$ cat run13.cif   # mmCIF, C-alpha atoms
data_my_file
#
loop_
_atom_site.label_atom_id
_atom_site.label_comp_id
_atom_site.auth_asym_id
_atom_site.auth_seq_id
_atom_site.Cartn_x
_atom_site.Cartn_y
_atom_site.Cartn_z
CA MET A 346 37.48 -16.81 -1.52
CA PHE A 347 34.19 -16.54 0.39
CA LYS A 348 34.85 -12.85 1.13
CA LEU A 349 35.42 -12.16 -2.57
CA ILE A 350 32.18 -13.93 -3.57
CA PHE A 351 30.24 -12.04 -0.88
CA PHE A 352 31.71 -8.71 -2.01
CA VAL A 353 30.88 -9.33 -5.69
CA SER A 354 27.35 -10.48 -4.75
CA ALA A 355 26.81 -7.37 -2.64
CA ILE A 356 27.91 -5.07 -5.45
CA SER A 357 25.71 -6.92 -7.93
CA ALA A 358 22.70 -6.66 -5.61
CA SER A 359 23.32 -2.95 -5.09
CA VAL A 360 23.48 -2.27 -8.82
CA THR A 361 20.38 -4.37 -9.48
CA PHE A 362 18.45 -2.61 -6.70
CA SER A 363 19.43 0.84 -7.92
CA TYR A 364 18.46 0.04 -11.49
CA GLY A 365 15.23 -1.72 -10.59
CA ALA A 366 14.09 1.05 -8.28
CA SER A 367 14.49 3.70 -10.94
CA GLY A 368 10.87 3.39 -11.93
CA LEU A 369 11.37 3.26 -15.66
CA GLY A 370 13.32 0.14 -16.48
CA ALA A 371 15.12 0.22 -19.80
CA LEU A 372 14.40 3.44 -21.63
CA PRO A 373 13.81 3.18 -25.37
CA THR A 374 16.83 4.31 -27.35
CA LYS A 375 14.83 5.37 -30.39
CA LYS A 376 11.35 6.59 -31.01
CA THR A 377 8.80 3.97 -31.83
CA THR A 378 6.27 4.20 -34.61
CA GLU A 379 3.62 2.79 -32.28
CA PRO A 380 1.74 5.62 -30.53
CA TYR A 381 1.97 4.02 -27.10
CA GLY A 382 5.18 2.04 -27.41
CA SER A 383 5.39 -1.64 -26.68
CA SER A 384 3.68 -2.48 -23.41
CA GLU A 385 5.21 -5.95 -23.54
CA ILE A 386 8.68 -4.48 -23.03
CA ASN A 387 7.83 -1.60 -20.72
CA PRO A 388 4.32 -0.37 -19.91
CA PHE A 389 5.74 3.17 -19.66
CA ALA A 390 7.64 3.21 -22.98
CA GLY A 391 5.13 5.49 -24.71
CA VAL A 392 4.97 7.78 -21.70
CA VAL A 393 8.76 8.08 -21.58
CA LEU A 394 8.85 9.05 -25.25
CA LEU A 395 6.25 11.75 -24.63
CA ILE A 396 8.27 13.04 -21.68
CA GLN A 397 11.42 13.08 -23.81
CA ASP A 398 9.47 15.25 -26.29
CA ASN A 399 8.37 17.58 -23.43
CA ARG A 400 4.75 16.55 -24.05
CA PHE A 401 3.98 16.44 -20.34
CA LYS A 402 0.22 16.95 -20.63
CA ASP A 403 -0.10 14.06 -23.09
CA ALA A 404 2.11 11.88 -20.86
CA TYR A 405 0.03 12.75 -17.78
CA GLU A 406 -3.22 11.92 -19.55
CA MET A 407 -1.81 8.63 -20.85
CA LEU A 408 -0.66 7.68 -17.34
CA LEU A 409 -4.13 8.35 -15.95
CA LYS A 410 -5.60 5.91 -18.48
CA LEU A 411 -2.86 3.32 -18.20
CA SER A 412 -3.94 0.15 -16.46
CA ILE A 413 -1.06 -0.90 -14.25
CA ASN A 414 -0.68 -3.84 -11.93
CA SER A 415 0.24 -3.17 -8.33
CA VAL A 416 3.91 -3.94 -8.99
CA ASN A 417 4.19 -0.86 -11.21
CA GLU A 418 1.84 1.49 -9.33
CA ALA A 419 4.64 3.30 -7.44
CA ASN A 420 6.34 3.95 -10.78
CA ARG A 421 3.09 5.20 -12.34
CA GLN A 422 2.45 7.52 -9.39
CA ASN A 423 6.01 8.83 -9.62
CA LEU A 424 5.62 9.57 -13.33
CA LEU A 425 2.25 11.22 -12.69
CA GLY A 426 3.97 13.40 -10.11
CA PHE A 427 6.85 14.18 -12.47
CA THR A 428 4.58 15.21 -15.35
CA ALA A 429 2.26 17.21 -13.06
CA ARG A 430 5.29 19.05 -11.62
CA LYS A 431 6.58 19.83 -15.12
CA LEU A 432 3.13 21.22 -15.95
CA GLY A 433 3.27 23.46 -12.87
CA ASP A 434 0.49 21.56 -11.12
CA PHE A 435 2.27 21.30 -7.77
CA SER A 436 -0.88 20.24 -5.91
CA SER A 437 -1.35 17.13 -8.07
CA ALA A 438 2.39 16.43 -8.06
CA THR A 439 2.37 16.48 -4.25
CA ILE A 440 -0.41 13.90 -4.14
CA HIS A 441 1.22 11.60 -6.70
CA TYR A 442 4.65 11.65 -5.05
CA LYS A 443 3.01 10.97 -1.69
CA ASN A 444 1.17 8.00 -3.22
CA ALA A 445 4.37 6.63 -4.77
CA LEU A 446 6.25 6.91 -1.49
CA GLN A 447 3.42 5.28 0.48
CA ILE A 448 3.80 2.26 -1.79
CA ASP A 449 7.62 2.33 -1.83
CA PRO A 450 9.12 4.65 0.83
CA TYR A 451 12.55 4.48 -0.83
CA HIS A 452 11.53 4.91 -4.48
CA LEU A 453 14.66 6.66 -5.70
CA ASN A 454 13.11 8.77 -8.45
CA ALA A 455 10.11 9.76 -6.32
CA LEU A 456 12.44 10.91 -3.54
CA GLU A 457 14.54 12.95 -5.97
CA TYR A 458 11.61 14.49 -7.82
CA GLN A 459 9.62 15.18 -4.66
CA GLY A 460 12.75 16.88 -3.30
CA LYS A 461 12.81 19.11 -6.38
CA LEU A 462 9.12 19.84 -5.86
CA PHE A 463 9.89 20.86 -2.29
CA LEU A 464 12.54 23.25 -3.61
CA SER A 465 10.01 24.74 -6.06
CA LEU A 466 7.76 25.36 -3.05
CA GLY A 467 10.64 26.85 -1.02
CA ASP A 468 10.72 23.94 1.46
CA VAL A 469 14.47 23.28 1.68
CA ASP A 470 14.21 21.28 4.91
CA SER A 471 11.91 18.69 3.33
CA ALA A 472 14.19 18.49 0.28
CA LYS A 473 17.12 17.80 2.62
CA GLU A 474 15.10 15.07 4.33
CA ASN A 475 14.60 13.38 0.96
CA LEU A 476 18.34 13.72 0.33
CA ARG A 477 18.98 11.99 3.66
CA LYS A 478 16.69 9.11 2.65
CA LEU A 479 18.52 8.77 -0.66
CA LYS A 480 21.84 8.72 1.21
CA GLU A 481 20.55 5.75 3.25
CA LYS A 482 20.42 3.77 0.01
CA CYS A 483 24.10 4.31 -0.74
CA PHE A 484 26.29 1.23 -0.94
CA LEU A 485 29.82 2.11 -2.04
CA VAL A 486 28.38 4.70 -4.46
CA CYS A 487 25.28 6.83 -4.02
CA PRO A 488 22.62 6.59 -6.71
CA GLN A 489 22.49 9.24 -9.40
CA GLN A 490 19.26 10.59 -7.86
CA TYR A 491 21.18 11.50 -4.69
CA GLN A 492 23.74 13.59 -6.56
CA THR A 493 21.10 15.28 -8.70
CA LEU A 494 19.04 16.34 -5.69
CA LYS A 495 22.18 17.35 -3.78
CA ASP A 496 23.16 19.62 -6.70
CA ALA A 497 19.64 21.09 -6.91
CA ILE A 498 19.71 21.91 -3.18
CA ALA A 499 23.15 23.51 -3.54
CA GLN A 500 21.92 25.67 -6.43
CA PHE A 501 18.82 26.69 -4.47
#
$ encode --input "run13.cif" --output "structure tokens"
Amino acid sequence: MFKLIFFVSAISASVTFSYGASGLGALPTKKTTEPYGSSEINPFAGVVLLIQDNRFKDAYEMLLKLSINSVNEANRQNLLGFTARKLGDFSSATIHYKNALQIDPYHLNALEYQGKLFLSLGDVDSAKENLRKLKEKCFLVCPQQYQTLKDAIAQF
């Protein structure tokens, strides 16, 4: 019985960790009429909606103005990196991903997106290093970020 409880607890912790480390929390399922979303639910809700609309410049500018507590700073830096990368500003994206990973060295989205940035810069070895770090976070099943980066490297 103890082994079963331990196994279920381990799986639950793994799922919770993977979800919590995603950097976005629950994504809104429909567009909000509020221009910046509801910060009570998710401080990044408005930013996510802008990203979903491919409004990367607006999302980047909103993230720069967004006042975030230290708990969410790795997520903010990751999203700044993501939007900068989508805008083609690889220099800023590099800085933001580095900042996110200094705060949380195993931030799953930052590792995936930084890996994609490395591929855009032709640095396959660094992308593979990020893939290795993502693999370290596997417990029974690797996170979606691992498979996405693995596929991007294979297509490169």
$ residues_around --input "run13.cif" --residues "Glu474 of chain A" --least-positions-apart "6" --cutoff "12 Å" --atoms "all atoms listed in the file" --output "list in words"
Leu456, Glu457, Gln459, Gly460, Lys461, Phe463, Leu464, Asp468, Lys480, Glu481, Tyr491, Leu494, Lys495 and Ile498 of chain A
$ resolve_selection --input "run13.cif" --expression "the PyMOL selection byres ((chain A and resi 439-445) around 9)" --output "list in words"
Glu418, Ala419, Asn420, Arg421, Gln422, Asn423, Leu424, Leu425, Gly426, Phe427, Ala429, Arg430, Asp434, Phe435, Ser436, Ser437, Ala438, Leu446, Gln447, Ile448, Asp449, Pro450, His452, Ala455, Leu456, Tyr458, Gln459, Leu462 and Phe463 of chain A
$ closest_residue --input "run13.cif" --among "A:Cys483, A:Ala497, A:Met407, A:Ala472" --to "Gly391 of chain A" --atoms "all atoms listed in the file"
A:Met407
$ closest_residue --input "run13.cif" --among "A:Ala499, A:Asn417, A:Cys487, A:Leu432" --to "Asn387 of chain A" --atoms "all atoms listed in the file"
A:Asn417
$ axis_aligned_box --input "run13.cif" --around "segment 421-435 of chain A" --padding-each-side "4 Å" --output "lines of an AutoDock Vina configuration file"
center_x = 3.7
center_y = 14.3
center_z = -11.9
size_x = 14.4
size_y = 26.3
size_z = 16.2
$ closest_residue --input "run13.cif" --among "A:Tyr451, A:Phe501, A:Phe484, A:Tyr405" --to "Val393 of chain A" --atoms "all atoms listed in the file"
A:Tyr405
$ atom_distance --input "run13.cif" --atom1 "atom CA of Thr428 of chain A" --atom2 "atom CA of Phe401 of chain A"
5.2 Å
$ resolve_selection --input "run13.cif" --expression "the PyMOL selection byres ((chain A and resi 410) around 12)" --output "number ranges by chain"
A: 381, 388-389, 392, 403-409, 411-413, 421, 425
$ atom_distance --input "run13.cif" --atom1 "atom CA of Gly433 of chain A" --atom2 "atom CA of Gln500 of chain A"
19.9 Å
$ closest_residue --input "run13.cif" --among "A:Val486, A:Leu479, A:Lys431, A:Asn414" --to "Ile396 of chain A" --atoms "all atoms listed in the file"
A:Lys431
$ atom_distance --input "run13.cif" --atom1 "atom CA of Gln490 of chain A" --atom2 "atom CA of Val469 of chain A"
16.6 Å
$ closest_residue --input "run13.cif" --among "A:Leu453, A:Asp470, A:Arg477, A:Ser465" --to "Gln489 of chain A" --atoms "all atoms listed in the file"
A:Leu453
